[in-house]
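Below: the structure, in structure tokens.
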Amino acid sequence: MSETKKLLILPGDGIGPEIMREVARIMAWMSRVRGINFDITEDLVGGASLAVHGVPIRQEVIDEARAADAVLFGSVGDPKWASAGFDLRPEIAILKLRQELGLFANLRPAKVFDALADASTLKPEVVRGLDIMIVRETVGGIYFGNPRGIETLPDGSRRGINTEVYSTSEIERVARVAFDLARKRDNRVCSVEKCNVMESGLLWKEVVTDLHAREYADVQLTHMLADNCAMQLVRNPRQFDVIVTGNLFGDLLSDLASMLTGSLGMLPSATLGAVDADGRRPALYEPIHGSAPDIAGKGQANPLAQILSFAMLLRYSFNMLEDAEMIETAVANVLASGLRTPDIMSPGMAVVGTEVMGEAVVRELDKLQ
Ligand code: NAI
Ligand code: MG
């Protein structure tokens, strides 16, 4: 990793620019108070790029992403461009970035802040204190395997085909991400597949077990079938620390886990690529929510998922654990003080807009310093 911290900031469209402004406030605080400076490039993607350049993302932006140590992404999906054609949708920007940077591991934390334990549809005593991380493989598995397609049989009937394919190297690299993460957390990994009915699952389990024995024996490893994992996530989600799984199961389980928290506007994510010869790892951080066109421009979007995505960036791309924790504590304190954007509103709390929420996080940072 280079000495300077090179960041590419891509606010996107919809609420993206509004919530990214609150991250800029925190970066300004870090520079002013802690003397930490980033070398920042900012560019347009999604609807914002379509409006100026006529495409959802330019090659130049992909090059900037490659040159950066980390990318902080807002969101894309302005419905104004919905009829622009499949290759011109704003969402192409994020799909292309993931593909071009080879981002194969998607990290989705599901964390319940004490003050929001009543936001979940599950009982507060089930989710209070929840802090789990799902690592989903994102570039392989059944969404990409061959053969695939819809074919017509001699009798005129049709059949649809998708194939789950995982190679040992694909399994090993994502398992490695999970084990490394666990070491920075509660040191536990649960590997999830369906080895009872799928050969790809059998290989998955074998490769994870071997890697564990070879390099990660200090981390506690368990295995679970995917259907059981879905049940366990609802029954007793706090039993998990890091869950690692393939593309299809990860898609479902990460959405399930995130909704245990009950608040879309609170959830960050990271997507990581392979470490290169210089020890650099491409990484993109973004909230899990979309561009929320229904509230864009109204100043009421919750900026906390974007702010927490920045905290993840500090932790995983720059190993700035203290700074990451400080931001997360500031967010917890703001929630404990009763401030709520409309999406996380509950009776007796004070409704505030995007800017007031961002300012409140900075005030808490001042107190923690
Ligand atoms: P969405 O996440 O944008 O919105 C769903 C609901 O949650 C809306 O009612 C919205 O107002 C609310 N919401 C989302 N984030 C919020 C926040 N930070 N504060 C307060 N409320 C928030 O999902 P939706 O409506 O399905 O998609 C809208 C567009 O976003 C679509 O074009 C979709 O393709 C795109 N999208 C983009 C993603 C990305 O940039 N990675 C991810 C998911 C969707
Ligand atoms: Mg999904």
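Scheme for the structure tokens: letters A, B, ... for chains in order shown; per-chain residue numbers from 1; ligand numbers from 1 in order shown.
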Could you give me, as JSON lines, every chain A residue with an atom at most 8 Å from ligand 2, plus its closest atom pair and distance in Å to one decimal, counting only C-alpha atoms and all ligand atoms, rows ordered by chain then number?
```
{"residue": "A:Asp251", "atom": "CA", "partner": "ligand 2", "partner_atom_place_in_ligand_line": "1 (Mg)", "distance": 4.9}
{"residue": "A:Leu252", "atom": "CA", "partner": "ligand 2", "partner_atom_place_in_ligand_line": "1 (Mg)", "distance": 6.3}
{"residue": "A:Ser254", "atom": "CA", "partner": "ligand 2", "partner_atom_place_in_ligand_line": "1 (Mg)", "distance": 7.5}
{"residue": "A:Asp255", "atom": "CA", "partner": "ligand 2", "partner_atom_place_in_ligand_line": "1 (Mg)", "distance": 5.8}
```
Site check for ligand 1: residues at most 8 Å away, only C-alpha atoms and all ligand atoms, as number ranges by chain: A: 12, 15, 19, 73-79, 82, 90-91, 94, 264-266, 286-296, 300-306, 341-344
Residues of range 85-138 of chain A that have any atom at most 10 Å from an atom of range 225-235 of chain A: could you tabulate them with the shortest-distance atom pair and the distance in Å to one decimal, using only C-alpha atoms, ordered by chain and increasing number, as CSV?
```
residue,atom,partner,partner_atom,distance
A:Leu122,CA,A:Val234,CA,8.0
A:Val126,CA,A:Arg235,CA,7.8
A:Val127,CA,A:Val234,CA,9.2
```
Save out the residues we just selected, C-alpha atoms, as an mmCIF file, in the first residue's frame.
```
data_model
loop_
_atom_site.group_PDB
_atom_site.id
_atom_site.type_symbol
_atom_site.label_atom_id
_atom_site.label_comp_id
_atom_site.auth_asym_id
_atom_site.auth_seq_id
_atom_site.Cartn_x
_atom_site.Cartn_y
_atom_site.Cartn_z
ATOM 1 C CA LEU A 122 -37.578 -9.781 15.890
ATOM 2 C CA VAL A 126 -32.994 -11.795 20.270
ATOM 3 C CA VAL A 127 -31.152 -9.080 18.341
#
```
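Atom pair CA of Tyr143 in chain A / CA of Ser83 in chain A: separated by 25.1 Å.
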Check range 61-269 of chain A with DSSP on the backbone and list each residue it calls strand (DSSP E or B), as a PyMOL selection string. chain A and resi 70-75+105-111+131-137+149-152+158-161+188-193+220-225+242-245+268-269
Neighbour list for Glu18 in chain A as JSON, numbers by chain, cut-off 9 Å, only C-alpha atoms, skip fewer than 4 positions in-chain: {"A": [11, 14, 22, 296, 297, 299, 301, 303, 354, 355]}
Just N, CA and C atoms for this one: save the residues we selected as a PDB file, in the first residue's frame.
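New file again.pdb:
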```
ATOM      1  N   PRO A  11     -19.913   9.640  -5.512  1.00  0.00           N
ATOM      2  CA  PRO A  11     -21.212   9.828  -4.835  1.00  0.00           C
ATOM      3  C   PRO A  11     -22.390   9.231  -5.610  1.00  0.00           C
ATOM      4  N   GLY A  14     -29.178  10.215  -6.976  1.00  0.00           N
ATOM      5  CA  GLY A  14     -30.169  10.076  -5.898  1.00  0.00           C
ATOM      6  C   GLY A  14     -29.660  10.688  -4.605  1.00  0.00           C
ATOM      7  N   GLU A  22     -21.834  14.241   4.081  1.00  0.00           N
ATOM      8  CA  GLU A  22     -21.655  14.051   5.533  1.00  0.00           C
ATOM      9  C   GLU A  22     -20.367  13.288   5.821  1.00  0.00           C
ATOM     10  N   ALA A 296     -34.813  11.511  -2.554  1.00  0.00           N
ATOM     11  CA  ALA A 296     -33.623  12.250  -3.012  1.00  0.00           C
ATOM     12  C   ALA A 296     -33.906  13.754  -3.064  1.00  0.00           C
ATOM     13  N   GLY A 297     -32.944  14.538  -2.628  1.00  0.00           N
ATOM     14  CA  GLY A 297     -33.065  15.998  -2.700  1.00  0.00           C
ATOM     15  C   GLY A 297     -33.880  16.608  -1.577  1.00  0.00           C
ATOM     16  N   GLY A 299     -33.244  16.140   1.714  1.00  0.00           N
ATOM     17  CA  GLY A 299     -32.445  16.390   2.920  1.00  0.00           C
ATOM     18  C   GLY A 299     -32.848  15.523   4.106  1.00  0.00           C
ATOM     19  N   ALA A 301     -32.432  11.922   4.021  1.00  0.00           N
ATOM     20  CA  ALA A 301     -31.800  10.593   3.955  1.00  0.00           C
ATOM     21  C   ALA A 301     -30.913  10.362   5.170  1.00  0.00           C
ATOM     22  N   PRO A 303     -27.616   9.398   6.707  1.00  0.00           N
ATOM     23  CA  PRO A 303     -26.236   9.312   6.200  1.00  0.00           C
ATOM     24  C   PRO A 303     -25.398   8.266   6.921  1.00  0.00           C
ATOM     25  N   THR A 354     -30.582  14.975   7.167  1.00  0.00           N
ATOM     26  CA  THR A 354     -29.264  14.433   6.837  1.00  0.00           C
ATOM     27  C   THR A 354     -28.128  15.241   7.465  1.00  0.00           C
ATOM     28  N   GLU A 355     -28.199  16.570   7.291  1.00  0.00           N
ATOM     29  CA  GLU A 355     -27.097  17.425   7.750  1.00  0.00           C
ATOM     30  C   GLU A 355     -26.971  17.448   9.257  1.00  0.00           C
TER      31      GLU A 355
END
```
For Thr4 in chain A, please output as a list in words all residues within 10 Å (counting only C-alpha atoms; exclusion window: fewer than 4 positions along the same chain).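 Surrounding residues, per the criterion: Asn37, Phe38, Asp39 and Asp69 of chain A.
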Point-to-point distance in Å for CA of Asp131 in chain A and CA of Arg238 in chain A: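 Distance reported for this atom pair: 7.1 Å.
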Quick one: residues within 8 Å of range 165-180 of chain A, only C-alpha atoms, excluding same-chain residues fewer than 2 positions away - as a PyMOL selection string? chain A and resi 104-105+135-137+140-142+144-146+163+182-184+187-189+200+203-204+207-208+211+216+219+242-244+274
Using only C-alpha atoms, find each residue of range 179-293 of chain A with at least one atom at most 7 Å away from an atom of range 108-121 of chain A; report its shortest atom-to-atom pair and that distance in Å (one decimal), sort the rows by chain and rising residue number, and return the result as a tab-separated table.
```
residue	atom	partner	partner_atom	distance
A:Ser254	CA	A:Arg108	CA	6.5
A:Ala257	CA	A:Ala110	CA	6.1
A:Ser258	CA	A:Ala110	CA	5.1
A:Leu260	CA	A:Ser120	CA	5.7
A:Thr261	CA	A:Ser120	CA	5.2
A:Gly262	CA	A:Ser120	CA	4.2
A:Ser263	CA	A:Ala119	CA	6.9
A:Pro268	CA	A:Arg108	CA	7.0
A:Ser269	CA	A:Arg108	CA	4.9
A:Ala270	CA	A:Arg108	CA	6.8
```
For N, CA and C atoms, I'd like the residues from the last selection saved as a tab-separated table (two decimals), in the first residue's frame.
```tsv
chain	number	residue	atom	x	y	z
A	254	SER	N	-27.36	-12.89	3.33
A	254	SER	CA	-26.95	-11.53	3.71
A	254	SER	C	-28.14	-10.58	3.74
A	257	ALA	N	-29.94	-11.47	6.97
A	257	ALA	CA	-29.22	-11.00	8.15
A	257	ALA	C	-29.34	-9.48	8.29
A	258	SER	N	-29.27	-8.77	7.15
A	258	SER	CA	-29.30	-7.31	7.26
A	258	SER	C	-30.65	-6.85	7.80
A	260	LEU	N	-32.41	-8.31	9.99
A	260	LEU	CA	-32.51	-8.54	11.43
A	260	LEU	C	-32.34	-7.21	12.17
A	261	THR	N	-31.64	-6.29	11.53
A	261	THR	CA	-31.39	-5.00	12.17
A	261	THR	C	-32.56	-4.04	11.96
A	262	GLY	N	-33.36	-4.29	10.93
A	262	GLY	CA	-34.55	-3.48	10.71
A	262	GLY	C	-34.31	-2.11	10.12
A	263	SER	N	-33.07	-1.80	9.74
A	263	SER	CA	-32.84	-0.44	9.25
A	263	SER	C	-31.85	-0.38	8.10
A	268	PRO	N	-23.64	-0.68	6.19
A	268	PRO	CA	-22.53	-0.50	5.25
A	268	PRO	C	-22.17	-1.82	4.60
A	269	SER	N	-21.26	-1.79	3.63
A	269	SER	CA	-20.73	-3.03	3.06
A	269	SER	C	-19.37	-2.75	2.45
A	270	ALA	N	-18.64	-3.83	2.20
A	270	ALA	CA	-17.36	-3.73	1.51
A	270	ALA	C	-17.30	-4.83	0.47
```
Which residue is closest to Ile9 in chain A? Choose from A:Ile161, A:Leu313, A:Ala217, A:Ile150 and count only C-alpha atoms.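 Of A:Ile161, A:Leu313, A:Ala217, A:Ile150, the one nearest Ile9 in chain A, counting only C-alpha atoms, is A:Leu313.
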For Ile134 in chain A, which of A:Ala68, A:Leu97, A:Met224, A:Leu256 is the closest residue, counting only C-alpha atoms?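 Using only C-alpha atoms, Ile134 in chain A sits closest to A:Leu256.
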Would you pick out the contacts of Leu10 in chain A at 8 Å or less, using only C-alpha atoms, so that residues sharing its chain but fewer than 6 positions from it are not included, and give the list as a PDB file with C-alpha atoms, in the first residue's frame?
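selection03.pdb was written with the following content:
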```pdb
ATOM      1  CA  GLU A  42     -13.907  12.570  -6.917  1.00  0.00           C
ATOM      2  CA  ASP A  43     -15.789  11.617 -10.059  1.00  0.00           C
ATOM      3  CA  LEU A  44     -19.228  11.042 -11.551  1.00  0.00           C
ATOM      4  CA  VAL A  45     -21.033   7.703 -11.916  1.00  0.00           C
ATOM      5  CA  VAL A  71     -13.162   3.443  -3.455  1.00  0.00           C
ATOM      6  CA  LEU A  72     -16.022   4.972  -1.471  1.00  0.00           C
ATOM      7  CA  PHE A  73     -19.226   4.596  -3.465  1.00  0.00           C
ATOM      8  CA  GLY A  74     -22.586   6.263  -2.807  1.00  0.00           C
TER       9      GLY A  74
END
```
Counting only C-alpha atoms, what is within 12 Å of Glu322 in chain A, bar same-chain residues fewer than 6 positions away, as number ranges by chain? A: 34, 311-312, 314-316, 328-329, 368-369
